[in-house]
file target-v6.txt (compact mmCIF, C-alpha atoms)
# COMPACT_ATOMS: atom_id res chain seq x y z
CA GLY G 5 -70.18 -32.02 -18.86
CA TYR G 6 -68.66 -35.38 -18.20
CA PHE G 7 -64.89 -35.01 -17.79
CA LYS G 8 -64.08 -38.60 -18.79
CA ASP G 9 -65.46 -37.88 -22.26
CA TYR G 10 -63.80 -34.52 -22.75
CA PHE G 11 -62.68 -33.94 -26.32
CA TYR G 12 -60.10 -31.22 -27.01
CA LYS G 13 -59.41 -29.76 -30.39
CA TRP G 14 -56.86 -27.01 -31.07
CA ASP G 15 -57.04 -24.68 -34.01
CA ASN G 16 -53.66 -25.98 -35.22
CA GLY G 17 -55.21 -29.40 -35.76
CA GLU G 18 -53.95 -31.16 -32.65
CA TYR G 19 -56.14 -33.19 -30.27
CA ASN G 20 -55.00 -33.27 -26.66
CA ASP G 21 -55.48 -31.46 -23.40
CA SER G 22 -51.98 -29.99 -23.82
CA ILE G 23 -49.74 -29.34 -26.79
CA ILE G 24 -46.13 -28.25 -27.27
CA VAL G 25 -45.53 -25.25 -29.53
CA SER G 26 -42.43 -23.34 -30.62
CA PRO G 27 -43.57 -20.12 -32.27
CA THR G 28 -40.97 -17.65 -33.54
CA ALA G 29 -43.22 -14.66 -32.98
CA TYR G 30 -46.34 -13.75 -31.01
CA GLN G 31 -49.00 -16.40 -31.55
CA GLU G 32 -52.52 -17.13 -30.29
CA TYR G 33 -53.81 -20.68 -29.89
CA LYS G 34 -57.48 -21.51 -29.50
CA VAL G 35 -58.76 -24.76 -28.00
CA PHE G 36 -62.32 -26.13 -28.18
CA LEU G 37 -63.81 -28.45 -25.59
CA LYS G 38 -66.68 -30.90 -26.19
CA ASP G 39 -68.04 -34.06 -24.62
CA ILE G 40 -70.65 -36.60 -25.63
CA CYS G 41 -72.97 -35.42 -22.92
CA THR G 42 -73.22 -31.68 -23.34
CA ASN G 43 -74.70 -30.26 -26.50
CA SER G 44 -72.78 -27.01 -26.20
CA SER G 45 -69.00 -26.55 -26.44
CA ASP G 46 -66.55 -24.17 -24.86
CA SER G 47 -63.33 -22.57 -26.00
CA ALA G 48 -60.34 -20.74 -24.59
CA LEU G 49 -57.54 -18.68 -26.01
CA VAL G 50 -53.86 -19.03 -25.09
CA LYS G 51 -51.51 -16.16 -25.98
CA VAL G 52 -47.79 -16.88 -26.35
CA ASN G 53 -45.44 -13.91 -26.35
CA VAL G 54 -42.01 -14.59 -27.85
CA ARG G 55 -39.04 -12.55 -26.71
CA ASP G 56 -36.68 -11.18 -29.36
CA PRO G 57 -33.61 -13.31 -30.12
CA LEU G 58 -30.42 -12.53 -28.24
CA GLU G 59 -28.24 -9.88 -29.86
CA LEU G 60 -24.77 -9.23 -28.47
CA SER G 61 -22.44 -6.30 -29.11
CA THR G 62 -19.02 -5.36 -27.77
CA SER G 63 -16.75 -2.36 -27.54
CA SER G 64 -14.63 -1.65 -30.62
CA ASP G 65 -11.27 -3.21 -31.32
CA THR G 66 -8.56 -1.23 -29.55
CA ILE G 67 -4.81 -0.65 -29.55
CA ILE G 68 -2.62 -0.56 -26.46
CA CYS G 69 1.08 -0.33 -25.78
CA LYS G 70 3.10 -3.10 -24.21
CA GLY G 71 2.13 -3.33 -20.54
CA GLY G 72 -1.03 -1.28 -21.07
CA THR G 73 -4.63 -2.14 -20.16
CA ALA G 74 -7.71 -2.37 -22.37
CA GLN G 75 -11.34 -2.32 -21.25
CA LEU G 76 -13.64 -4.91 -22.83
CA ARG G 77 -17.37 -4.19 -22.66
CA ALA G 78 -20.33 -6.30 -23.77
CA SER G 79 -24.05 -5.55 -23.89
CA ALA G 80 -27.05 -7.45 -25.14
CA LEU G 81 -30.64 -7.07 -26.30
CA GLY G 82 -33.51 -9.53 -26.51
CA GLY G 83 -34.17 -12.67 -24.50
CA ASN G 84 -34.58 -12.49 -20.73
CA ALA G 85 -32.49 -9.52 -19.60
CA ASN G 86 -32.79 -10.52 -15.94
CA SER G 87 -30.84 -13.72 -16.63
CA TYR G 88 -28.08 -12.47 -18.93
CA THR G 89 -24.76 -14.30 -18.54
CA TYR G 90 -21.69 -13.03 -20.41
CA THR G 91 -18.98 -15.69 -20.71
CA TRP G 92 -15.53 -14.72 -22.00
CA ASP G 93 -12.75 -16.96 -23.23
CA ASN G 94 -9.02 -16.59 -22.49
CA GLY G 95 -9.71 -17.33 -18.84
CA LEU G 96 -11.68 -14.11 -18.23
CA GLY G 97 -14.74 -15.86 -16.82
CA ILE G 98 -18.17 -14.28 -16.46
CA GLY G 99 -19.17 -10.61 -16.54
CA ALA G 100 -20.15 -7.85 -18.93
CA ASN G 101 -16.95 -5.80 -18.50
CA LYS G 102 -13.35 -6.97 -18.28
CA SER G 103 -9.91 -5.37 -17.99
CA VAL G 104 -7.11 -7.09 -19.89
CA SER G 105 -3.38 -6.57 -20.31
CA PRO G 106 -2.30 -8.95 -23.06
CA GLN G 107 1.38 -9.19 -23.94
CA SER G 108 0.59 -9.70 -27.62
CA THR G 109 -2.33 -9.03 -29.95
CA THR G 110 -5.27 -11.13 -28.74
CA LEU G 111 -8.79 -11.88 -29.99
CA TYR G 112 -11.39 -12.18 -27.23
CA ARG G 113 -14.72 -13.99 -27.63
CA VAL G 114 -17.80 -13.43 -25.47
CA ILE G 115 -21.03 -15.47 -25.48
CA ILE G 116 -24.39 -14.23 -24.17
CA SER G 117 -26.95 -16.66 -22.76
CA ASP G 118 -30.07 -16.14 -20.65
CA ALA G 119 -31.38 -19.57 -19.52
CA CYS G 120 -34.36 -18.96 -21.80
CA THR G 121 -33.32 -18.47 -25.41
CA PRO G 122 -32.16 -21.76 -27.01
CA ILE G 123 -29.68 -20.03 -29.30
CA SER G 124 -26.96 -17.90 -27.71
CA ASP G 125 -25.12 -15.11 -29.49
CA THR G 126 -21.39 -14.55 -29.87
CA ALA G 127 -19.23 -11.48 -30.47
CA PHE G 128 -15.53 -10.75 -30.72
CA VAL G 129 -13.22 -7.88 -29.83
CA LYS G 130 -9.54 -7.66 -30.72
CA VAL G 131 -6.86 -5.94 -28.67
CA TYR G 132 -3.80 -4.98 -30.71
CA VAL G 133 -0.57 -4.65 -28.73
CA LYS G 134 2.16 -2.38 -30.06
CA ASP G 135 5.73 -3.65 -30.02
CA ALA G 136 7.79 -2.89 -26.94
CA LEU G 137 9.86 0.29 -27.01
CA SER G 138 13.37 -0.04 -28.41
CA VAL G 139 16.11 2.53 -28.88
CA LYS G 140 19.68 2.30 -30.14
CA ILE G 141 22.40 4.97 -30.16
CA LYS G 142 24.37 5.36 -33.36
CA THR G 143 27.63 7.28 -33.69
CA ASN G 144 30.97 7.20 -35.43
CA ASP G 145 32.50 9.29 -32.63
CA THR G 146 33.24 6.76 -29.89
CA ILE G 147 36.79 8.10 -29.55
CA ILE G 148 37.26 11.88 -29.69
CA CYS G 149 39.86 14.44 -28.83
CA TYR G 150 39.74 16.55 -25.68
CA ASN G 151 36.96 19.15 -25.63
CA LYS G 152 35.58 17.99 -28.98
CA SER G 153 32.05 16.87 -29.78
CA SER G 154 30.54 13.45 -30.31
CA GLN G 155 27.59 13.37 -32.71
CA LEU G 156 24.97 10.89 -31.47
CA THR G 157 21.76 9.87 -33.22
CA THR G 158 19.12 7.38 -32.24
CA ASN G 159 17.07 4.67 -33.92
CA ALA G 160 13.78 4.01 -32.11
CA SER G 161 10.81 1.72 -32.66
CA GLY G 162 7.72 0.31 -30.93
CA GLY G 163 5.20 2.01 -28.69
CA ASP G 164 3.47 5.25 -29.62
CA THR G 165 5.80 6.83 -32.14
CA VAL G 166 3.96 10.18 -32.09
CA ASN G 167 4.79 10.76 -28.42
CA TYR G 168 8.43 9.72 -28.22
CA THR G 169 10.53 11.51 -25.60
CA TYR G 170 14.30 11.03 -25.59
CA THR G 171 16.02 11.88 -22.31
CA TRP G 172 19.81 11.96 -22.11
CA ASN G 173 21.76 11.53 -18.89
CA ASN G 174 24.43 13.85 -17.52
CA GLY G 175 22.17 16.83 -18.07
CA PHE G 176 22.39 16.63 -21.85
CA GLY G 177 18.64 17.30 -22.17
CA PHE G 178 16.12 15.95 -24.63
CA GLY G 179 15.90 15.08 -28.31
CA SER G 180 16.54 12.26 -30.74
CA THR G 181 20.06 13.57 -31.48
CA LEU G 182 22.85 14.85 -29.27
CA ASN G 183 26.00 16.87 -29.90
CA ALA G 184 28.02 16.23 -26.77
CA VAL G 185 31.17 18.26 -26.13
CA LEU G 186 33.33 16.21 -23.77
CA ASN G 187 36.59 16.67 -21.91
CA THR G 188 36.57 13.30 -20.16
CA THR G 189 35.56 9.76 -21.04
CA THR G 190 31.81 9.56 -20.49
CA LEU G 191 29.09 6.93 -20.49
CA ILE G 192 26.19 8.48 -22.35
CA LYS G 193 22.72 7.01 -21.91
CA VAL G 194 19.41 7.79 -23.60
CA THR G 195 16.01 6.71 -22.26
CA LEU G 196 12.97 6.48 -24.53
CA THR G 197 9.42 6.96 -23.22
CA ASP G 198 6.11 7.54 -24.98
CA ALA G 199 3.42 8.21 -22.29
CA CYS G 200 1.90 4.89 -23.27
CA SER G 201 4.28 1.98 -22.69
CA SER G 202 4.75 0.93 -19.09
CA VAL G 203 8.42 0.03 -19.56
CA PRO G 204 10.82 2.58 -21.09
CA ALA G 205 13.70 1.61 -23.36
CA SER G 206 17.29 2.73 -23.00
CA ASP G 207 20.71 2.38 -24.58
CA SER G 208 24.14 3.62 -23.64
CA ILE G 209 27.51 4.09 -25.24
CA LEU G 210 30.95 4.90 -23.86
CA VAL G 211 32.66 7.83 -25.55
CA THR G 212 36.39 7.81 -24.88
CA VAL G 213 38.15 11.18 -24.74
CA ARG G 214 41.86 11.31 -25.54
CA PRO G 215 44.03 13.14 -23.00
CA GLN G 216 44.55 16.84 -23.49
CA LEU G 217 47.79 17.83 -25.25
CA ILE G 218 50.32 19.44 -22.92
call {"tool": "encode", "arguments": {"input": "target-v6.txt", "output": "structure tokens"}}
result
Amino acid sequence: GYFKDYFYKWDNGEYNDSIIVSPTAYQEYKVFLKDICTNSSDSALVKVNVRDPLELSTSSDTIICKGGTAQLRASALGGNANSYTYTWDNGLGIGANKSVSPQSTTLYRVIISDACTPISDTAFVKVYVKDALSVKIKTNDTIICYNKSSQLTTNASGGDTVNYTYTWNNGFGFGSTLNAVLNTTTLIKVTLTDACSSVPASDSILVTVRPQLI
């Protein structure tokens, strides 16, 4: 035929040698070619495959102790997997997996893009941070007689309460309470740990022992 008189007609009703389409699913487009010279026409078929929309997921919300570390993980489906970019907020930058150690409960947002899909996807993961460990010694026996006992109890909070360990100094052992028999003024200290918090808590009290009667 005579190319200057080419006449294009697409099955979607458009007339041009090229058209712009935005299908949301697989679509076939047929174009017909004619000219005023050739009695016959020709046609061609263009197939447009549409990738699935981006779908982003993250690891579950998690709980850590003060000073602990949480692992954030993101994964995606759809779009162009070879060009996935995971962008986190809170200064974490780019990457599918991140390690964080927030000092307080923090919500993290991640966005997936692929340089192909016009609409990105967003997901969130929350890291809950337990309160810091705290322990206080309570007693009414801060002054005792020689070779008598001081009854000490503790009030603890924060961290992983199920795994509290109370360690007393001076070889007094373990436990949330202490019955200390003393024959000299003594500084008694308790340290609280929980196999979770990075920083233990402690408290101390001075128990004064009166001199022995002679």
call {"tool": "residues_around", "arguments": {"input": "target-v6.txt", "residues": "G:Pro27", "least_positions_apart": "2", "cutoff": "12 Å", "atoms": "all atoms listed in the file", "output": "PyMOL selection string"}}
result
chain G and resi 24-25+29-33+51-56
call {"tool": "write_last_selection", "arguments": {"input": "target-v6.txt", "atoms": "C-alpha atoms", "output": "PDB file, in the coordinates of the input"}}
result
ATOM      1  CA  ILE G  24     -46.130 -28.250 -27.270  1.00  0.00           C
ATOM      2  CA  VAL G  25     -45.530 -25.250 -29.530  1.00  0.00           C
ATOM      3  CA  ALA G  29     -43.220 -14.660 -32.980  1.00  0.00           C
ATOM      4  CA  TYR G  30     -46.340 -13.750 -31.010  1.00  0.00           C
ATOM      5  CA  GLN G  31     -49.000 -16.400 -31.550  1.00  0.00           C
ATOM      6  CA  GLU G  32     -52.520 -17.130 -30.290  1.00  0.00           C
ATOM      7  CA  TYR G  33     -53.810 -20.680 -29.890  1.00  0.00           C
ATOM      8  CA  LYS G  51     -51.510 -16.160 -25.980  1.00  0.00           C
ATOM      9  CA  VAL G  52     -47.790 -16.880 -26.350  1.00  0.00           C
ATOM     10  CA  ASN G  53     -45.440 -13.910 -26.350  1.00  0.00           C
ATOM     11  CA  VAL G  54     -42.010 -14.590 -27.850  1.00  0.00           C
ATOM     12  CA  ARG G  55     -39.040 -12.550 -26.710  1.00  0.00           C
ATOM     13  CA  ASP G  56     -36.680 -11.180 -29.360  1.00  0.00           C
TER      14      ASP G  56
END
call {"tool": "residues_around", "arguments": {"input": "target-v6.txt", "residues": "G:Ile147", "least_positions_apart": "6", "cutoff": "9 Å", "atoms": "all atoms listed in the file", "output": "PDB file with C-alpha atoms, keeping the file's coordinate frame"}}
result
ATOM      1  CA  SER G 154      30.540  13.450 -30.310  1.00  0.00           C
ATOM      2  CA  THR G 189      35.560   9.760 -21.040  1.00  0.00           C
ATOM      3  CA  LEU G 210      30.950   4.900 -23.860  1.00  0.00           C
ATOM      4  CA  VAL G 211      32.660   7.830 -25.550  1.00  0.00           C
ATOM      5  CA  THR G 212      36.390   7.810 -24.880  1.00  0.00           C
ATOM      6  CA  VAL G 213      38.150  11.180 -24.740  1.00  0.00           C
ATOM      7  CA  ARG G 214      41.860  11.310 -25.540  1.00  0.00           C
TER       8      ARG G 214
END
call {"tool": "closest_residue", "arguments": {"input": "target-v6.txt", "among": "G:Ser47, G:Gln216, G:Ser161, G:Ser202", "to": "G:Asn187", "atoms": "only C-alpha atoms"}}
result
G:Gln216
call {"tool": "residues_around", "arguments": {"input": "target-v6.txt", "residues": "G:Thr171", "least_positions_apart": "2", "cutoff": "10 Å", "atoms": "all atoms listed in the file", "output": "list in words"}}
result
Tyr168, Thr169, Asn173, Asn174, Gly175, Phe176, Gly177, Phe178, Gly179, Ser180, Lys193, Val194, Thr195, Leu196, Thr197 and Ser206 of chain G
call {"tool": "write_last_selection", "arguments": {"input": "target-v6.txt", "atoms": "C-alpha atoms", "output": "CSV table (one decimal), keeping the file's coordinate frame"}}
result
chain,number,residue,atom,x,y,z
G,168,TYR,CA,8.4,9.7,-28.2
G,169,THR,CA,10.5,11.5,-25.6
G,173,ASN,CA,21.8,11.5,-18.9
G,174,ASN,CA,24.4,13.8,-17.5
G,175,GLY,CA,22.2,16.8,-18.1
G,176,PHE,CA,22.4,16.6,-21.8
G,177,GLY,CA,18.6,17.3,-22.2
G,178,PHE,CA,16.1,16.0,-24.6
G,179,GLY,CA,15.9,15.1,-28.3
G,180,SER,CA,16.5,12.3,-30.7
G,193,LYS,CA,22.7,7.0,-21.9
G,194,VAL,CA,19.4,7.8,-23.6
G,195,THR,CA,16.0,6.7,-22.3
G,196,LEU,CA,13.0,6.5,-24.5
G,197,THR,CA,9.4,7.0,-23.2
G,206,SER,CA,17.3,2.7,-23.0
call {"tool": "residues_around", "arguments": {"input": "target-v6.txt", "residues": "G:Gln107", "least_positions_apart": "6", "cutoff": "12 Å", "atoms": "all atoms listed in the file", "output": "VMD selection string"}}
result
chain G and resid 67 to 74 131 to 136 201 to 202
call {"tool": "atom_distance", "arguments": {"input": "target-v6.txt", "atom1": "atom CA of G:Thr42", "atom2": "atom CA of G:Lys8"}}
result
12.3 Å
call {"tool": "closest_residue", "arguments": {"input": "target-v6.txt", "among": "G:Asn101, G:Thr91, G:Asp15, G:Leu137", "to": "G:Ile116", "atoms": "all atoms listed in the file"}}
result
G:Thr91
call {"tool": "closest_residue", "arguments": {"input": "target-v6.txt", "among": "G:Val139, G:Asn43, G:Thr28, G:Pro57", "to": "G:Cys120", "atoms": "all atoms listed in the file"}}
result
G:Pro57
call {"tool": "residues_around", "arguments": {"input": "target-v6.txt", "residues": "G:Gln155", "least_positions_apart": "6", "cutoff": "10 Å", "atoms": "all atoms listed in the file", "output": "PDB file with C-alpha atoms, in the frame of the given file"}}
result
ATOM      1  CA  LYS G 142      24.370   5.360 -33.360  1.00  0.00           C
ATOM      2  CA  THR G 143      27.630   7.280 -33.690  1.00  0.00           C
ATOM      3  CA  ASN G 144      30.970   7.200 -35.430  1.00  0.00           C
ATOM      4  CA  ASP G 145      32.500   9.290 -32.630  1.00  0.00           C
ATOM      5  CA  THR G 146      33.240   6.760 -29.890  1.00  0.00           C
ATOM      6  CA  THR G 181      20.060  13.570 -31.480  1.00  0.00           C
ATOM      7  CA  LEU G 182      22.850  14.850 -29.270  1.00  0.00           C
ATOM      8  CA  ASN G 183      26.000  16.870 -29.900  1.00  0.00           C
ATOM      9  CA  ALA G 184      28.020  16.230 -26.770  1.00  0.00           C
ATOM     10  CA  VAL G 185      31.170  18.260 -26.130  1.00  0.00           C
TER      11      VAL G 185
END
call {"tool": "closest_residue", "arguments": {"input": "target-v6.txt", "among": "G:Val50, G:Leu76, G:Val129, G:Leu156", "to": "G:Ser105", "atoms": "all atoms listed in the file"}}
result
G:Leu76
